[in-house]
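Colleague: Take this structure, written in structure tokens, and hold onto it; I'll ask about it next.
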Amino acid sequence: MKTKLSASVMCADLSCLKKDIKLLEEGGVDYLHFDIMDGHFVPNLTLGSGILRSLRKITTLPFDTHLMIEEPARYVPVFAKAGSSLVSVHVEACSHLNRTIQLIKENGARAGVALNPATPLYRLDYILEELSQVLIMTVNPGFAGQKLVPITISKIEKLGEVIEKKGLKIDIAVDGNVSFANAPVMVKAGANILVCGTSSIFHPHLGIKKGIAKLREALK
Ligand code: DX5
Ligand code: ZN
């Protein structure tokens, strides 16, 4: 399966976002990843739905929205309607996960579930068949620029085995410290979508063009 790149918009230069989006398009990234934080589920605040609506007018890249918010069902319709192709919610943040997943689909988006590093895979046991994507957090969500939690690599492997055994077609995305060194290890473990932030394509010393090229080289 071809490895796809999802560029983390919160790591872009927000003072010239249009320029950065153009560079991402030219570099052939597959998705724009929106990290939405509420200051409760995670100790940080980031982007809102307004930025998706604005960017929806200037790019055709699909939006992959990652809701790091408590009881995300409250915000699923607004983020789906703002142009998300896929909306992921955290299993730890939902009292009624099945209902929330149905709500995402009713609002016209594909559904994903995200797992924090310490959350076991069995939390997916009764929902996996309903999903288009599982997002394995490889750092604790909330901030860019953190170090990989190493145990999450074996979790990617185990998830791949479960998906294969069940004969399902579900993307495995990884989010957090997807660096030039870690990305090939994650792909080898079974990830096919890489969320790329400050560790790769928004690397502070490289710039987007070189960051994408270096990541593709690392994945060869
Ligand atoms: C964590 C975030 C990220 C961020 C990516 O909550 O979801 O992990 O986009 O980037 P890095 O870790 O590369 O700065
Ligand atoms: Zn994310």
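Going through the structure tokens in order, the chains are called A, B, and so on, while each chain numbers its residues from 1 and the ligands are numbered from 1 in the order shown.
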Give as a VMD selection string the residues surrounding ligand 1 up to a distance of 9 Å, considering only C-alpha atoms and all ligand atoms.

Modeller: chain A and resid 7 to 11 33 to 37 42 44 66 68 137 to 148 174 to 179 195 to 203

Colleague: Please list as a ChimeraX atom specification every residue within 12 Å of Leu23 of chain A, counting only C-alpha atoms and excluding residues in the same chain fewer than 2 positions away.

Modeller: /A:7,12-13,16-21,25-29,59,201-202,207-213

Colleague: Rounded to one decimal in Å, what is the spacing between atom CA of Ser6 of chain A and atom CA of Ile156 of chain A?

Modeller: 17.3 Å

Colleague: Excluding Lys2 of chain A and its own-chain neighbours fewer than 3 positions away, which residues fall within 12 Å of it when counting only C-alpha atoms? Please give them as a list in words.

Modeller: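 Final neighbour list, sorted by chain and number: Leu5, Asp30, Asp171, Ile172, Val187, Gly190, Ala191, Asn192, Ile193, Leu194, Arg216, Leu219 and Lys220 of chain A.
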
Colleague: So that I can check the surroundings of Ile58 of chain A, please list as JSON, numbers by chain every protein, DNA and RNA residue that reaches within 10 Å of it, counting only C-alpha atoms and ignoring chain neighbours fewer than 2 positions away.

Modeller: {"A": [18, 21, 22, 53, 54, 55, 56, 60, 61]}

Colleague: Using atom CA of Glu106 of chain A and atom CA of Phe63 of chain A as the two end points, give the distance in Å to one decimal.

Modeller: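 Going from atom CA of Glu106 of chain A over to atom CA of Phe63 of chain A covers 17.1 Å.
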
Colleague: Could you give me, as JSON, numbers by chain, each residue of segment 67-204 of chain A that DSSP assigns to helix (DSSP H, G or I) when run on this structure's backbone?

Modeller: {"A": [72, 73, 74, 76, 77, 78, 79, 80, 81, 91, 92, 93, 97, 98, 99, 100, 101, 102, 103, 104, 105, 106, 121, 122, 123, 124, 128, 129, 130, 152, 153, 154, 155, 156, 157, 158, 159, 160, 161, 162, 163, 164, 165, 182, 183, 184, 185, 186, 187, 188, 189]}

Colleague: Neighbours of Val91 of chain A within 7 Å (only C-alpha atoms; same-chain residues fewer than 6 positions away dropped), as a ChimeraX atom specification?

Modeller: /A:97,113-115

Colleague: Any idea what the distance is between atom CA of Ile69 of chain A and atom CA of His90 of chain A?

Modeller: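 A separation of 7.8 Å between them.
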
Colleague: From a DSSP calculation on the backbone, collect every residue of segment 17-180 of chain A in strand (DSSP E or B) and output the set as number ranges by chain.

Modeller: A: 31-38, 45, 63-68, 84-90, 110-115, 133-137, 171-175

Colleague: Select, from A:Leu128, A:Leu24, A:Leu121, A:Leu135, the residue with the minimum atom-to-atom distance to ligand 2, counting only C-alpha atoms and all ligand atoms.

Modeller: A:Leu135

Colleague: Leaving out segment 72-83 of chain A and any residue of its chain fewer than 6 positions from it, which residues lie within 7 Å of it when counting only C-alpha atoms, given as a ChimeraX atom specification?

Modeller: /A:49,52-53,56,63,89,94,100,104,107-109

Colleague: Limited to N, CA, C and O atoms, could you put the picked residues into a file as a CSV table (one decimal), in the first residue's frame?

Modeller:
chain,number,residue,atom,x,y,z
A,49,SER,N,-13.0,25.7,13.6
A,49,SER,CA,-13.6,25.3,12.3
A,49,SER,C,-13.5,26.4,11.3
A,49,SER,O,-13.5,26.2,10.1
A,52,LEU,N,-10.7,25.8,8.7
A,52,LEU,CA,-11.1,24.8,7.7
A,52,LEU,C,-12.0,25.5,6.6
A,52,LEU,O,-11.7,25.3,5.4
A,53,ARG,N,-12.9,26.3,7.0
A,53,ARG,CA,-13.8,26.9,6.0
A,53,ARG,C,-13.0,27.8,5.1
A,53,ARG,O,-13.2,27.9,3.9
A,56,ARG,N,-10.8,25.7,2.8
A,56,ARG,CA,-11.6,24.9,1.9
A,56,ARG,C,-11.8,25.6,0.5
A,56,ARG,O,-11.9,25.0,-0.5
A,63,PHE,N,-9.4,17.1,3.8
A,63,PHE,CA,-9.1,17.5,5.1
A,63,PHE,C,-9.3,16.3,6.1
A,63,PHE,O,-10.4,15.7,6.0
A,89,VAL,N,-12.2,10.9,16.2
A,89,VAL,CA,-12.4,11.3,17.6
A,89,VAL,C,-11.6,10.4,18.5
A,89,VAL,O,-11.3,9.2,18.1
A,94,CYS,N,-15.1,9.9,24.4
A,94,CYS,CA,-16.5,9.6,24.0
A,94,CYS,C,-17.2,8.7,25.0
A,94,CYS,O,-16.8,7.6,25.2
A,100,THR,N,-21.3,8.4,18.2
A,100,THR,CA,-20.5,9.5,17.6
A,100,THR,C,-20.0,9.1,16.2
A,100,THR,O,-20.0,10.0,15.3
A,104,ILE,N,-20.7,11.1,12.6
A,104,ILE,CA,-19.7,11.5,11.6
A,104,ILE,C,-20.2,11.1,10.2
A,104,ILE,O,-20.2,11.9,9.3
A,107,ASN,N,-23.1,13.0,8.8
A,107,ASN,CA,-22.7,14.3,8.3
A,107,ASN,C,-21.8,14.3,7.1
A,107,ASN,O,-21.1,15.3,6.8
A,108,GLY,N,-21.7,13.1,6.5
A,108,GLY,CA,-21.0,13.0,5.2
A,108,GLY,C,-19.5,12.8,5.2
A,108,GLY,O,-18.8,13.0,4.2
A,109,ALA,N,-18.9,12.5,6.4
A,109,ALA,CA,-17.4,12.3,6.5
A,109,ALA,C,-17.1,10.8,6.7
A,109,ALA,O,-18.0,10.1,7.2

Colleague: So, counting only C-alpha atoms and all ligand atoms, which residue among A:Gln102, A:Asn116, A:Ser132, A:Thr3 is closest to ligand 2?

Modeller: A:Asn116

Colleague: Smallest atom-to-atom distance to ligand 2: which of A:Leu67, A:Gly167, A:Glu130, A:Phe180, using only C-alpha atoms and all ligand atoms?

Modeller: A:Leu67

Colleague: Tell me which protein, DNA and RNA residues are within 8 Å of Arg110 of chain A, counting only C-alpha atoms, leaving out same-chain ones fewer than 4 positions away, and put them as an NGL selection string.

Modeller: :A and (85-87 or 104-105 or 131-132)
